[in-house]
Each structure stands twice: as structure tokens, then as C-alpha cells.
Amino acid sequence: MTVKQFFKIGKYEMYPLCRSISGKGTLKTLEIIKRNFQGFKIKNFKSQKKVFDWKIPSQWEISDAYILDKYNNKIVSLKNNNLHIIGYSIPIKKEISLDKLLKKLYSLPNLKDAIPYITSYYNKSWGFCVSERFKKKLKKKYKIKDKFQVVIQSKFNSNGKLNYGEFYIKGKLKKEILISTYICHPSLANDNLSGIIVSMALMKFFNSRKNNKSIRFLFLPETIGSIAYISKNLDMLKKNVIGGYILSCVGDDKNHSCMFTKYGNTISDDALREAYKQKKIKYKTYSFLHRGSDERQFCSPGIELPIASIFRTKYGEFKEYHNSLDDFKLVSQKGLNGGYKVAKQSILNIDSKIIPTSKYICEPQLGKRGLYKLLSEKNVIDNQDCWKILDFLQYADGKNDINRIAKYINLKTKVTKKLYHFLQDENLLH
Ligand code: ZN
């Protein structure tokens, strides 16, 4: 039921909007989410702001774009398909001949009826995207010196904004799970309206539940949005984020797949593996070397957040990827439900994990706390020697849950749990 509600919103309200990394279509998408979630925040970064090695680009708005033939027929129009225009095209109004026009028409020779999705955010350029079939027809119908009127009504605002959305669900703990998805693709369903739809369904579920950890949902323009967000919130993220996922291409019903973190050894990786197992889902894994979304930023050196990626069929692995065939024939409620199920279970798994963190830098002084003595008297850890306290604390670095610590220090999980409670009572853990 949860997915169904947002499937409709995605399909009928969001799909037709002309999104990009900035501009009205993206803002409208965020406003639709806000309308459905009290407490959802639409925030922004100012154009031209420097973020790490990047600069936020100007805000781009497009009101219309079309090509007229010599008979004044509109042969291509943005109003028919948002993919017809290269994202961030500069404004143009001029007459050109067919031979010149053909160089500005982009198509996919292997997919005759598909309109490709192309952007040029950082190089000033312009162009139209059309189907291969259309391009061929054009060559047949007109002479090479026939004139065409090309019009692109776009604007760049250097005092503009790059909008993004954030939804924070406060849990019992400040430690948080980060779910990030991207909002910059125009009328494409799997990549990545599916991520937006599944995120909303997850927000609804976790917002009506008492969670141990806090959960933060981000809706960012890909790459520049995550870089800007990280640059603004790095300390908070490093302090609080214990796990999380990028949701990308989670709406087709063909495969289940994922990409673990760089070393595949974080709590998020464990929780995701467990989720597939619990749900009895067969899945494919992709190497981090095949990354393509915001894990590129979240997992990069100096940031190193434990963020894995959840997909149905991964970007670049389906023929509809980045072209007009990526629509709601490819994405279905059933497909989205599958993505939702895996993400929900993975988040639940992280939420239920006990992830102890030692309160002290370097070893705490056990002697002054009388812990050696206490330990033998209370027999808290089934006659294990007191070194187990220090072993436990060594691995209580916020990156391991009780199960992993148990493995590292060669103790049964049950005994490790007892030790955890003991150390908590002794005020040695966060
Ligand atoms: Zn994409």
C-alpha cells in the first residue's frame, strides 16, 4: 500500500516535470514531496559557491525549445518530450542548414526509437536529442541546404540556487542512517524517479515507527548536490552516520543487485547481505570499481561514510538506461515494491544493531575503577579474563556491531552481549 500511493505521485505528477540539477522542475518535485511530508525541508546552496574542488553552477531555467522547418512546422518540441533538449543548453535563436543541424542532433544508432538523455552542466553547449529514426527521416525528407530555425529559450541565473530536500526522523539515538537519492534526471523512471518513490515510501514507514537510530533522507542533485551537502555537513556526518544507502534504479522488476562499500566490510554491507537472505532474494553484486552515483562522494577519502548502493537493475546495465525507453513500462509497482522491501529490511537491520563506541581515547584505566576485582566477583563474562574488556573496547570504534565484535574477540555473541551491558553499566561506552 505504501509504495502504491507514491507510485501514482511519481508517475502522474513527477514524471512529466523537466528536472535538472537546478531549476523549476526540480523545485516542483521537492514541493510535491513536501506536500506529502510534514517536516520535509527544501534547502539550497547558492550558485557560484565553492564546494571542495567544485563550484555550484548557475541556476538553469528552460521555458521552451523547438526546431522549425522551412514550412514553419515544429518538427521537434521540448513540449513533447523533456529529453529533447541537452540539459543546461545555452539560449539559441538562429537559422541553420540541415547539414549543420544534423551535427546538433544526438541519437542512439542502436536504439532506433529512443531519445537519449544528455547533459552538459559544465561545458557551455547546446543541442537536441532525437530518435535515430527521426534523424533518418529528416535526411530523406529535406535537402542538405534546407534551412531550419532552432530556438532554445533558456536562462542562466548566476545568483540562483541549487535546491535539495532533507527529511530527518529523530530516533532514540543521535547516531543515524543516511538514505540518499537523486532528483536531477528529467522524465526517466528507473533512473531515478524510482529512488524518489521508494524513499518516500520508506519515509512514511519509518516515520510511523519508533526507531532506535535517527534516519536522514536526502534528495540531492547527483554529484554536485552530494559534494555540496558533504562540504557543509562533514563533521555532523562523520560523527553521526553509522550506515546507509544510495537508492538508484530501484523500480524495474528484472534483477536485484547492489554495490557494497569500497572494502565491503561495513555495517551497511552486513545489513544488506542479511536483508537479501531474510527475504530469500537472489542478487548480483557490482564492484566498487563500477560506481556511478553519489557513493563516489560519500565513500571518498576523507569522507569515508559507510554507504552502500541498492539497485534493481543497475544503471548502465539495462538498454532503457539514459533514454526515453526508461519509462513506466519499465518501472512497475511490483518492481518498486521489490526495491522498497530490500531497502526497508536493510534499514531495519541497521536500526536493530548494537554498535558500541568506547567513551575514552586510549585504554581506560581499569585499576582505578576496580574493574579487575569487580569482574571476577560478578563473573560477568563467564570466567573470561579481564583482557576481554580491553579487547571489546578496542573493537568498540563505532564501526562494528556486537556480532562482529564477538567474532573479532573470539567470544560467543551471548557472552559478548553480557560484556557489553557490563561495560555500559561501568560507563565506559557511549
Ligand atoms: Zn543517470
# chains A, B, ... in the order shown; residues from 1 in each chain; ligands from 1

$ residues_near_ligand --ligand "ligand 1" --cutoff "8 Å" --atoms "only C-alpha atoms and all ligand atoms" --output "MDAnalysis selection string"
chainID A and resid 185 191:192 293 315 321:322

$ residues_around --residues "range 246-253 of chain A" --least-positions-apart "6" --cutoff "6 Å" --atoms "only C-alpha atoms" --output "PyMOL selection string"
chain A and resi 179-181+190-192+194-195+309-312+330-331+335-336+339

$ write_last_selection --atoms "all heavy atoms" --output "short mmCIF file (atom, residue, chain, number, x, y, z; two decimals), in the first residue's frame"
data_model
loop_
_atom_site.label_atom_id
_atom_site.label_comp_id
_atom_site.auth_asym_id
_atom_site.auth_seq_id
_atom_site.Cartn_x
_atom_site.Cartn_y
_atom_site.Cartn_z
N ILE A 179 20.00 7.88 4.03
CA ILE A 179 19.45 7.36 2.77
C ILE A 179 19.49 8.50 1.76
O ILE A 179 18.91 9.56 1.99
CB ILE A 179 17.99 6.87 2.94
CG1 ILE A 179 17.91 5.82 4.06
CG2 ILE A 179 17.43 6.32 1.64
CD1 ILE A 179 18.75 4.58 3.85
N SER A 180 20.18 8.28 0.66
CA SER A 180 20.32 9.37 -0.31
C SER A 180 19.86 8.92 -1.69
O SER A 180 20.12 7.80 -2.12
CB SER A 180 21.78 9.81 -0.35
OG SER A 180 21.93 10.90 -1.23
N THR A 181 19.16 9.83 -2.36
CA THR A 181 18.73 9.55 -3.72
C THR A 181 18.84 10.84 -4.52
O THR A 181 19.02 11.90 -3.94
CB THR A 181 17.31 8.95 -3.73
OG1 THR A 181 17.08 8.28 -4.96
CG2 THR A 181 16.23 10.01 -3.53
N ASN A 190 13.20 4.73 -14.11
CA ASN A 190 14.02 3.91 -13.21
C ASN A 190 15.18 4.74 -12.67
O ASN A 190 15.52 4.68 -11.50
CB ASN A 190 14.55 2.67 -13.96
CG ASN A 190 14.79 1.51 -13.02
OD1 ASN A 190 14.26 1.47 -11.91
ND2 ASN A 190 15.60 0.56 -13.45
N ASP A 191 15.81 5.49 -13.54
CA ASP A 191 16.92 6.37 -13.18
C ASP A 191 16.44 7.82 -13.25
O ASP A 191 16.53 8.43 -14.31
CB ASP A 191 18.10 6.14 -14.14
CG ASP A 191 19.31 6.94 -13.76
OD1 ASP A 191 19.42 7.31 -12.58
OD2 ASP A 191 20.16 7.20 -14.63
N ASN A 192 15.86 8.50 -12.21
CA ASN A 192 15.84 7.89 -10.92
C ASN A 192 14.58 8.26 -10.14
O ASN A 192 14.64 8.47 -8.93
CB ASN A 192 17.10 8.26 -10.15
CG ASN A 192 17.23 7.47 -8.88
OD1 ASN A 192 16.96 6.29 -8.86
ND2 ASN A 192 17.55 8.15 -7.81
N SER A 194 12.42 6.24 -9.51
CA SER A 194 12.23 5.07 -8.64
C SER A 194 12.86 5.32 -7.27
O SER A 194 12.28 4.96 -6.24
CB SER A 194 12.83 3.83 -9.29
OG SER A 194 14.24 3.95 -9.39
N GLY A 195 14.03 5.96 -7.24
CA GLY A 195 14.71 6.25 -5.97
C GLY A 195 13.89 7.22 -5.13
O GLY A 195 13.81 7.10 -3.91
N SER A 309 25.10 0.80 -2.07
CA SER A 309 24.06 1.16 -3.03
C SER A 309 23.11 -0.01 -3.26
O SER A 309 23.56 -1.15 -3.37
CB SER A 309 24.67 1.53 -4.38
OG SER A 309 25.50 2.65 -4.23
N ILE A 310 21.83 0.32 -3.34
CA ILE A 310 20.82 -0.71 -3.63
C ILE A 310 20.22 -0.42 -5.01
O ILE A 310 19.81 0.71 -5.29
CB ILE A 310 19.70 -0.68 -2.55
CG1 ILE A 310 20.31 -0.99 -1.17
CG2 ILE A 310 18.58 -1.66 -2.90
CD1 ILE A 310 19.34 -0.86 -0.01
N PHE A 311 20.19 -1.44 -5.86
CA PHE A 311 19.57 -1.32 -7.18
C PHE A 311 18.60 -2.49 -7.40
O PHE A 311 18.74 -3.52 -6.76
CB PHE A 311 20.60 -1.45 -8.33
CG PHE A 311 21.93 -0.82 -8.10
CD1 PHE A 311 23.09 -1.60 -7.95
CD2 PHE A 311 22.06 0.56 -8.07
CE1 PHE A 311 24.33 -1.01 -7.77
CE2 PHE A 311 23.31 1.15 -7.89
CZ PHE A 311 24.45 0.36 -7.74
N ARG A 312 17.70 -2.32 -8.38
CA ARG A 312 17.09 -3.49 -9.01
C ARG A 312 18.06 -3.82 -10.14
O ARG A 312 19.00 -4.52 -9.95
CB ARG A 312 15.66 -3.18 -9.52
CG ARG A 312 14.60 -2.92 -8.46
CD ARG A 312 14.36 -4.12 -7.52
NE ARG A 312 14.18 -5.38 -8.17
CZ ARG A 312 13.04 -6.05 -8.30
NH1 ARG A 312 11.92 -5.56 -7.80
NH2 ARG A 312 12.99 -7.23 -8.88
N LEU A 330 8.77 0.23 -18.03
CA LEU A 330 9.90 -0.47 -17.41
C LEU A 330 9.72 -0.53 -15.89
O LEU A 330 9.96 -1.57 -15.26
CB LEU A 330 11.21 0.25 -17.75
CG LEU A 330 12.47 -0.25 -17.05
CD1 LEU A 330 12.87 -1.63 -17.56
CD2 LEU A 330 13.63 0.73 -17.25
N VAL A 331 9.31 0.57 -15.33
CA VAL A 331 9.15 0.64 -13.88
C VAL A 331 7.71 0.30 -13.50
O VAL A 331 6.77 0.85 -14.08
CB VAL A 331 9.51 2.06 -13.37
CG1 VAL A 331 9.06 2.27 -11.93
CG2 VAL A 331 11.01 2.28 -13.48
N GLY A 335 7.98 -3.82 -9.26
CA GLY A 335 9.42 -3.59 -9.26
C GLY A 335 9.83 -2.68 -8.11
O GLY A 335 10.79 -2.96 -7.39
N LEU A 336 9.07 -1.60 -7.95
CA LEU A 336 9.36 -0.65 -6.86
C LEU A 336 9.21 -1.31 -5.50
O LEU A 336 10.01 -1.08 -4.58
CB LEU A 336 8.39 0.54 -6.95
CG LEU A 336 8.63 1.51 -8.11
CD1 LEU A 336 7.38 2.34 -8.38
CD2 LEU A 336 9.82 2.42 -7.84
N GLY A 339 12.33 -3.12 -4.62
CA GLY A 339 13.38 -2.22 -4.16
C GLY A 339 13.10 -1.74 -2.74
O GLY A 339 13.99 -1.69 -1.88
#

$ residues_around --residues "Leu325 in chain A" --least-positions-apart "2" --cutoff "12 Å" --atoms "only C-alpha atoms" --output "list in words"
Asn81, Leu83, Leu108, Leu111, Lys112, Asp113, Ala114, Ile115, Pro116, Tyr117, Ser131, Ser187, Leu188, Ala189, Asn190, Asp191, Phe318, Lys319, Glu320, Tyr321, His322, Asn323, Asp327, Phe328, Lys329, Leu330 and Val331 of chain A

$ write_last_selection --atoms "N, CA and C atoms" --output "CSV table (one decimal), in the first residue's frame"
chain,number,residue,atom,x,y,z
A,81,ASN,N,8.6,16.2,-25.3
A,81,ASN,CA,9.4,15.3,-24.5
A,81,ASN,C,10.6,16.1,-23.9
A,83,LEU,N,13.3,15.2,-22.8
A,83,LEU,CA,14.6,14.7,-23.2
A,83,LEU,C,15.1,15.3,-24.5
A,108,LEU,N,20.6,7.6,-30.8
A,108,LEU,CA,21.3,6.3,-30.5
A,108,LEU,C,21.1,5.4,-31.6
A,111,LEU,N,19.4,2.0,-30.9
A,111,LEU,CA,18.0,2.0,-30.4
A,111,LEU,C,17.2,3.0,-31.2
A,112,LYS,N,16.7,2.6,-32.3
A,112,LYS,CA,16.1,3.5,-33.3
A,112,LYS,C,15.0,4.4,-32.8
A,113,ASP,N,14.2,4.0,-31.8
A,113,ASP,CA,13.1,4.8,-31.4
A,113,ASP,C,13.3,5.6,-30.1
A,114,ALA,N,14.5,5.4,-29.6
A,114,ALA,CA,14.8,6.0,-28.2
A,114,ALA,C,15.4,7.4,-28.4
A,115,ILE,N,15.0,8.3,-27.5
A,115,ILE,CA,15.6,9.6,-27.4
A,115,ILE,C,16.6,9.6,-26.3
A,116,PRO,N,17.9,9.9,-26.6
A,116,PRO,CA,18.9,9.8,-25.5
A,116,PRO,C,18.7,11.0,-24.5
A,117,TYR,N,19.3,10.7,-23.3
A,117,TYR,CA,19.3,11.8,-22.2
A,117,TYR,C,20.7,12.3,-22.1
A,131,SER,N,15.3,10.7,-31.9
A,131,SER,CA,15.5,9.2,-32.2
A,131,SER,C,16.2,9.1,-33.5
A,187,SER,N,12.4,13.3,-17.4
A,187,SER,CA,11.4,12.2,-17.5
A,187,SER,C,12.1,10.9,-17.7
A,188,LEU,N,12.7,10.3,-16.7
A,188,LEU,CA,13.2,9.0,-16.7
A,188,LEU,C,12.7,8.3,-15.5
A,189,ALA,N,12.2,7.1,-15.6
A,189,ALA,CA,11.5,6.5,-14.5
A,189,ALA,C,12.4,5.6,-13.5
A,190,ASN,N,13.2,4.7,-14.1
A,190,ASN,CA,14.0,3.9,-13.2
A,190,ASN,C,15.2,4.7,-12.7
A,191,ASP,N,15.8,5.5,-13.5
A,191,ASP,CA,16.9,6.4,-13.2
A,191,ASP,C,16.4,7.8,-13.3
A,318,PHE,N,20.9,-1.7,-18.3
A,318,PHE,CA,19.7,-2.0,-19.0
A,318,PHE,C,19.6,-1.1,-20.2
A,319,LYS,N,19.0,-1.6,-21.3
A,319,LYS,CA,19.0,-0.9,-22.5
A,319,LYS,C,18.2,0.4,-22.5
A,320,GLU,N,17.3,0.5,-21.5
A,320,GLU,CA,16.5,1.7,-21.4
A,320,GLU,C,17.2,2.8,-20.7
A,321,TYR,N,18.4,2.5,-20.2
A,321,TYR,CA,19.2,3.4,-19.3
A,321,TYR,C,19.5,4.7,-20.1
A,322,HIS,N,19.2,5.9,-19.5
A,322,HIS,CA,19.5,7.2,-20.0
A,322,HIS,C,18.9,7.4,-21.4
A,323,ASN,N,17.7,6.9,-21.6
A,323,ASN,CA,17.0,7.2,-22.9
A,323,ASN,C,15.5,7.1,-22.6
A,327,ASP,N,10.8,4.4,-18.9
A,327,ASP,CA,9.5,5.0,-18.6
A,327,ASP,C,8.7,4.1,-17.6
A,328,PHE,N,7.4,4.3,-17.5
A,328,PHE,CA,6.7,3.5,-16.6
A,328,PHE,C,6.1,2.2,-17.2
A,329,LYS,N,6.7,1.8,-18.3
A,329,LYS,CA,6.5,0.5,-18.8
A,329,LYS,C,7.6,-0.4,-18.2
A,330,LEU,N,8.8,0.2,-18.0
A,330,LEU,CA,9.9,-0.5,-17.4
A,330,LEU,C,9.7,-0.5,-15.9
A,331,VAL,N,9.3,0.6,-15.3
A,331,VAL,CA,9.1,0.6,-13.9
A,331,VAL,C,7.7,0.3,-13.5

$ closest_residue --among "A:Gln149, A:Asn82, A:Gln59, A:Ser120" --to "Ser97 in chain A" --atoms "only C-alpha atoms"
A:Gln149

$ atom_distance --atom1 "CA of Arg291 in chain A" --atom2 "CA of Ile118 in chain A"
19.1 Å

$ atom_distance --atom1 "CA of Lys74 in chain A" --atom2 "CA of Lys140 in chain A"
17.2 Å

$ closest_residue --among "A:Lys334, A:Lys170, A:Lys139, A:Lys417" --to "Lys4 in chain A" --atoms "only C-alpha atoms"
A:Lys334

$ residues_around --residues "Met259 in chain A" --least-positions-apart "4" --cutoff "12 Å" --atoms "only C-alpha atoms" --output "mmCIF file with N, CA, C and O atoms, in the first residue's frame"
data_model
loop_
_atom_site.group_PDB
_atom_site.id
_atom_site.type_symbol
_atom_site.label_atom_id
_atom_site.label_comp_id
_atom_site.auth_asym_id
_atom_site.auth_seq_id
_atom_site.Cartn_x
_atom_site.Cartn_y
_atom_site.Cartn_z
ATOM 1 N N TYR A 245 22.404 4.016 2.615
ATOM 2 C CA TYR A 245 22.339 3.522 1.234
ATOM 3 C C TYR A 245 22.033 4.637 0.248
ATOM 4 O O TYR A 245 21.308 5.589 0.565
ATOM 5 N N ILE A 246 22.557 4.464 -0.958
ATOM 6 C CA ILE A 246 22.124 5.252 -2.094
ATOM 7 C C ILE A 246 21.042 4.412 -2.767
ATOM 8 O O ILE A 246 21.252 3.222 -3.022
ATOM 9 N N LEU A 247 19.911 5.017 -3.063
ATOM 10 C CA LEU A 247 18.848 4.303 -3.776
ATOM 11 C C LEU A 247 18.843 4.771 -5.229
ATOM 12 O O LEU A 247 18.556 5.931 -5.512
ATOM 13 N N SER A 248 19.174 3.861 -6.122
ATOM 14 C CA SER A 248 19.279 4.221 -7.536
ATOM 15 C C SER A 248 18.729 3.086 -8.390
ATOM 16 O O SER A 248 19.072 1.926 -8.170
ATOM 17 N N TYR A 263 35.366 -1.318 0.727
ATOM 18 C CA TYR A 263 36.008 -2.530 1.249
ATOM 19 C C TYR A 263 34.978 -3.618 1.607
ATOM 20 O O TYR A 263 35.354 -4.695 2.050
ATOM 21 N N GLY A 264 33.718 -3.312 1.430
ATOM 22 C CA GLY A 264 32.655 -4.305 1.647
ATOM 23 C C GLY A 264 32.551 -4.827 3.066
ATOM 24 O O GLY A 264 32.026 -5.921 3.286
ATOM 25 N N ASN A 265 33.050 -4.057 4.032
ATOM 26 C CA ASN A 265 33.113 -4.601 5.392
ATOM 27 C C ASN A 265 32.438 -3.711 6.431
ATOM 28 O O ASN A 265 32.830 -3.698 7.587
ATOM 29 N N SER A 268 26.610 -1.371 6.963
ATOM 30 C CA SER A 268 25.634 -1.286 5.852
ATOM 31 C C SER A 268 25.732 -2.506 4.948
ATOM 32 O O SER A 268 24.721 -3.024 4.470
ATOM 33 N N ASP A 269 26.959 -2.942 4.679
ATOM 34 C CA ASP A 269 27.154 -4.131 3.838
ATOM 35 C C ASP A 269 26.547 -5.362 4.507
ATOM 36 O O ASP A 269 25.823 -6.129 3.876
ATOM 37 N N LEU A 272 22.716 -5.263 4.501
ATOM 38 C CA LEU A 272 22.159 -5.512 3.172
ATOM 39 C C LEU A 272 22.243 -7.002 2.817
ATOM 40 O O LEU A 272 21.265 -7.591 2.337
ATOM 41 N N ARG A 273 23.386 -7.602 3.102
ATOM 42 C CA ARG A 273 23.524 -9.050 2.865
ATOM 43 C C ARG A 273 22.462 -9.811 3.647
ATOM 44 O O ARG A 273 21.820 -10.726 3.137
ATOM 45 N N TYR A 283 20.659 -12.107 -5.655
ATOM 46 C CA TYR A 283 21.119 -10.784 -6.088
ATOM 47 C C TYR A 283 22.511 -10.847 -6.688
ATOM 48 O O TYR A 283 23.261 -11.789 -6.463
ATOM 49 N N LYS A 284 22.788 -9.808 -7.430
ATOM 50 C CA LYS A 284 24.074 -9.686 -8.089
ATOM 51 C C LYS A 284 24.835 -8.552 -7.406
ATOM 52 O O LYS A 284 24.224 -7.566 -6.997
ATOM 53 N N THR A 285 26.153 -8.695 -7.282
ATOM 54 C CA THR A 285 26.904 -7.585 -6.692
ATOM 55 C C THR A 285 27.822 -6.973 -7.744
ATOM 56 O O THR A 285 28.340 -7.676 -8.616
ATOM 57 N N TYR A 286 27.979 -5.682 -7.650
ATOM 58 C CA TYR A 286 28.900 -4.978 -8.548
ATOM 59 C C TYR A 286 30.073 -4.440 -7.748
ATOM 60 O O TYR A 286 29.902 -3.993 -6.609
ATOM 61 N N SER A 287 31.223 -4.499 -8.351
ATOM 62 C CA SER A 287 32.426 -3.986 -7.705
ATOM 63 C C SER A 287 32.323 -2.476 -7.547
ATOM 64 O O SER A 287 31.695 -1.792 -8.364
ATOM 65 N N PHE A 288 32.963 -1.968 -6.530
ATOM 66 C CA PHE A 288 33.010 -0.516 -6.302
ATOM 67 C C PHE A 288 33.685 0.185 -7.483
ATOM 68 O O PHE A 288 33.513 1.381 -7.689
ATOM 69 N N LEU A 289 34.415 -0.575 -8.259
ATOM 70 C CA LEU A 289 35.061 -0.005 -9.453
ATOM 71 C C LEU A 289 34.016 0.366 -10.511
ATOM 72 O O LEU A 289 34.309 1.077 -11.456
ATOM 73 N N HIS A 290 32.790 -0.155 -10.346
ATOM 74 C CA HIS A 290 31.715 0.182 -11.288
ATOM 75 C C HIS A 290 30.741 1.199 -10.713
ATOM 76 O O HIS A 290 29.586 1.260 -11.103
ATOM 77 N N ARG A 291 31.225 1.989 -9.780
ATOM 78 C CA ARG A 291 30.365 3.006 -9.139
ATOM 79 C C ARG A 291 29.980 4.094 -10.142
ATOM 80 O O ARG A 291 30.705 4.316 -11.126
ATOM 81 N N GLY A 292 28.853 4.757 -9.862
ATOM 82 C CA GLY A 292 28.427 5.792 -10.800
ATOM 83 C C GLY A 292 27.553 6.860 -10.167
ATOM 84 O O GLY A 292 27.249 7.862 -10.787
ATOM 85 N N SER A 293 27.149 6.640 -8.919
ATOM 86 C CA SER A 293 26.264 7.640 -8.315
ATOM 87 C C SER A 293 26.974 8.304 -7.131
ATOM 88 O O SER A 293 28.196 8.416 -7.110
ATOM 89 N N ASP A 294 26.220 8.688 -6.117
ATOM 90 C CA ASP A 294 26.815 9.514 -5.060
ATOM 91 C C ASP A 294 27.688 8.767 -4.059
ATOM 92 O O ASP A 294 28.299 9.386 -3.198
ATOM 93 N N GLU A 295 27.758 7.422 -4.189
ATOM 94 C CA GLU A 295 28.746 6.706 -3.379
ATOM 95 C C GLU A 295 30.152 7.177 -3.760
ATOM 96 O O GLU A 295 31.081 7.078 -2.976
ATOM 97 N N ARG A 296 30.287 7.719 -4.955
ATOM 98 C CA ARG A 296 31.576 8.284 -5.385
ATOM 99 C C ARG A 296 32.019 9.378 -4.428
ATOM 100 O O ARG A 296 33.197 9.569 -4.199
ATOM 101 N N CYS A 299 31.842 7.867 -0.181
ATOM 102 C CA CYS A 299 32.884 6.903 0.210
ATOM 103 C C CYS A 299 34.289 7.405 -0.097
ATOM 104 O O CYS A 299 35.247 6.669 0.063
ATOM 105 N N PRO A 306 30.042 4.909 5.561
ATOM 106 C CA PRO A 306 29.698 3.535 5.178
ATOM 107 C C PRO A 306 28.391 3.465 4.387
ATOM 108 O O PRO A 306 27.374 3.006 4.888
ATOM 109 N N ILE A 307 28.430 3.932 3.154
ATOM 110 C CA ILE A 307 27.216 3.994 2.335
ATOM 111 C C ILE A 307 27.324 3.015 1.162
ATOM 112 O O ILE A 307 28.204 3.150 0.309
ATOM 113 N N ALA A 308 26.418 2.044 1.121
ATOM 114 C CA ALA A 308 26.375 1.084 0.011
ATOM 115 C C ALA A 308 25.249 1.500 -0.946
ATOM 116 O O ALA A 308 24.530 2.461 -0.674
ATOM 117 N N SER A 309 25.104 0.803 -2.069
ATOM 118 C CA SER A 309 24.055 1.158 -3.029
ATOM 119 C C SER A 309 23.114 -0.013 -3.260
ATOM 120 O O SER A 309 23.556 -1.153 -3.369
ATOM 121 N N ILE A 310 21.832 0.321 -3.345
ATOM 122 C CA ILE A 310 20.818 -0.708 -3.626
ATOM 123 C C ILE A 310 20.218 -0.423 -5.006
ATOM 124 O O ILE A 310 19.812 0.707 -5.291
ATOM 125 N N PHE A 311 20.194 -1.439 -5.858
ATOM 126 C CA PHE A 311 19.570 -1.322 -7.183
ATOM 127 C C PHE A 311 18.604 -2.489 -7.405
ATOM 128 O O PHE A 311 18.736 -3.523 -6.757
ATOM 129 N N ARG A 312 17.700 -2.319 -8.384
ATOM 130 C CA ARG A 312 17.088 -3.485 -9.010
ATOM 131 C C ARG A 312 18.060 -3.819 -10.143
ATOM 132 O O ARG A 312 19.002 -4.521 -9.952
ATOM 133 N N THR A 313 17.864 -3.228 -11.360
ATOM 134 C CA THR A 313 18.908 -3.395 -12.372
ATOM 135 C C THR A 313 19.767 -2.129 -12.360
ATOM 136 O O THR A 313 19.250 -1.027 -12.494
ATOM 137 N N LYS A 314 21.066 -2.324 -12.190
ATOM 138 C CA LYS A 314 21.979 -1.175 -12.013
ATOM 139 C C LYS A 314 22.015 -0.273 -13.246
ATOM 140 O O LYS A 314 21.855 -0.743 -14.375
ATOM 141 N N TYR A 315 22.236 1.012 -12.988
ATOM 142 C CA TYR A 315 22.420 1.963 -14.093
ATOM 143 C C TYR A 315 23.506 1.456 -15.057
ATOM 144 O O TYR A 315 24.480 0.832 -14.661
#

$ select_by_dssp --residues "range 57-204 of chain A" --states "strand (DSSP E)" --output "number ranges by chain"
A: 59-68, 74-77, 92-97, 105-106, 128-129, 147-157, 161-169, 176-182

$ residues_around --residues "range 42-45 of chain A" --least-positions-apart "2" --cutoff "7 Å" --atoms "only C-alpha atoms" --output "list of chain:residue names"
A:Leu30, A:Phe40, A:Ser47, A:Lys161, A:Leu162, A:Asn163, A:Tyr164, A:Gly165, A:Glu166

$ write_last_selection --atoms "N, CA and C atoms" --output "CSV table (one decimal), in the first residue's frame"
chain,number,residue,atom,x,y,z
A,30,LEU,N,10.5,18.7,-5.4
A,30,LEU,CA,10.7,18.7,-4.0
A,30,LEU,C,9.4,19.2,-3.3
A,40,PHE,N,9.3,18.0,6.1
A,40,PHE,CA,10.3,17.9,4.9
A,40,PHE,C,10.8,19.2,4.6
A,47,SER,N,24.3,29.6,-6.1
A,47,SER,CA,25.1,29.4,-7.3
A,47,SER,C,26.4,30.2,-7.1
A,161,LYS,N,20.0,29.3,-7.3
A,161,LYS,CA,20.0,28.3,-6.2
A,161,LYS,C,20.1,26.9,-6.8
A,162,LEU,N,20.7,26.1,-6.0
A,162,LEU,CA,20.7,24.6,-6.2
A,162,LEU,C,19.9,24.0,-5.1
A,163,ASN,N,18.7,23.6,-5.4
A,163,ASN,CA,17.8,23.1,-4.3
A,163,ASN,C,18.0,21.6,-4.0
A,164,TYR,N,17.7,21.3,-2.8
A,164,TYR,CA,17.8,19.9,-2.4
A,164,TYR,C,16.8,19.7,-1.2
A,165,GLY,N,16.5,18.4,-0.9
A,165,GLY,CA,15.5,18.2,0.1
A,165,GLY,C,16.1,17.3,1.2
A,166,GLU,N,15.5,17.5,2.4
A,166,GLU,CA,16.0,16.7,3.6
A,166,GLU,C,14.9,16.4,4.5

$ closest_residue --among "A:Lys388, A:Val198, A:Asn110, A:Ala228" --to "Lys46 in chain A" --atoms "only C-alpha atoms"
A:Ala228

$ select_by_dssp --residues "range 140-370 of chain A" --states "helix (DSSP H, G or I)" --output "PyMOL selection string"
chain A and resi 140-141+189-207+224-240+267-278+288-290+295-298+333-352+367-369

$ atom_distance --atom1 "CA of Glu363 in chain A" --atom2 "CA of Lys174 in chain A"
24.4 Å
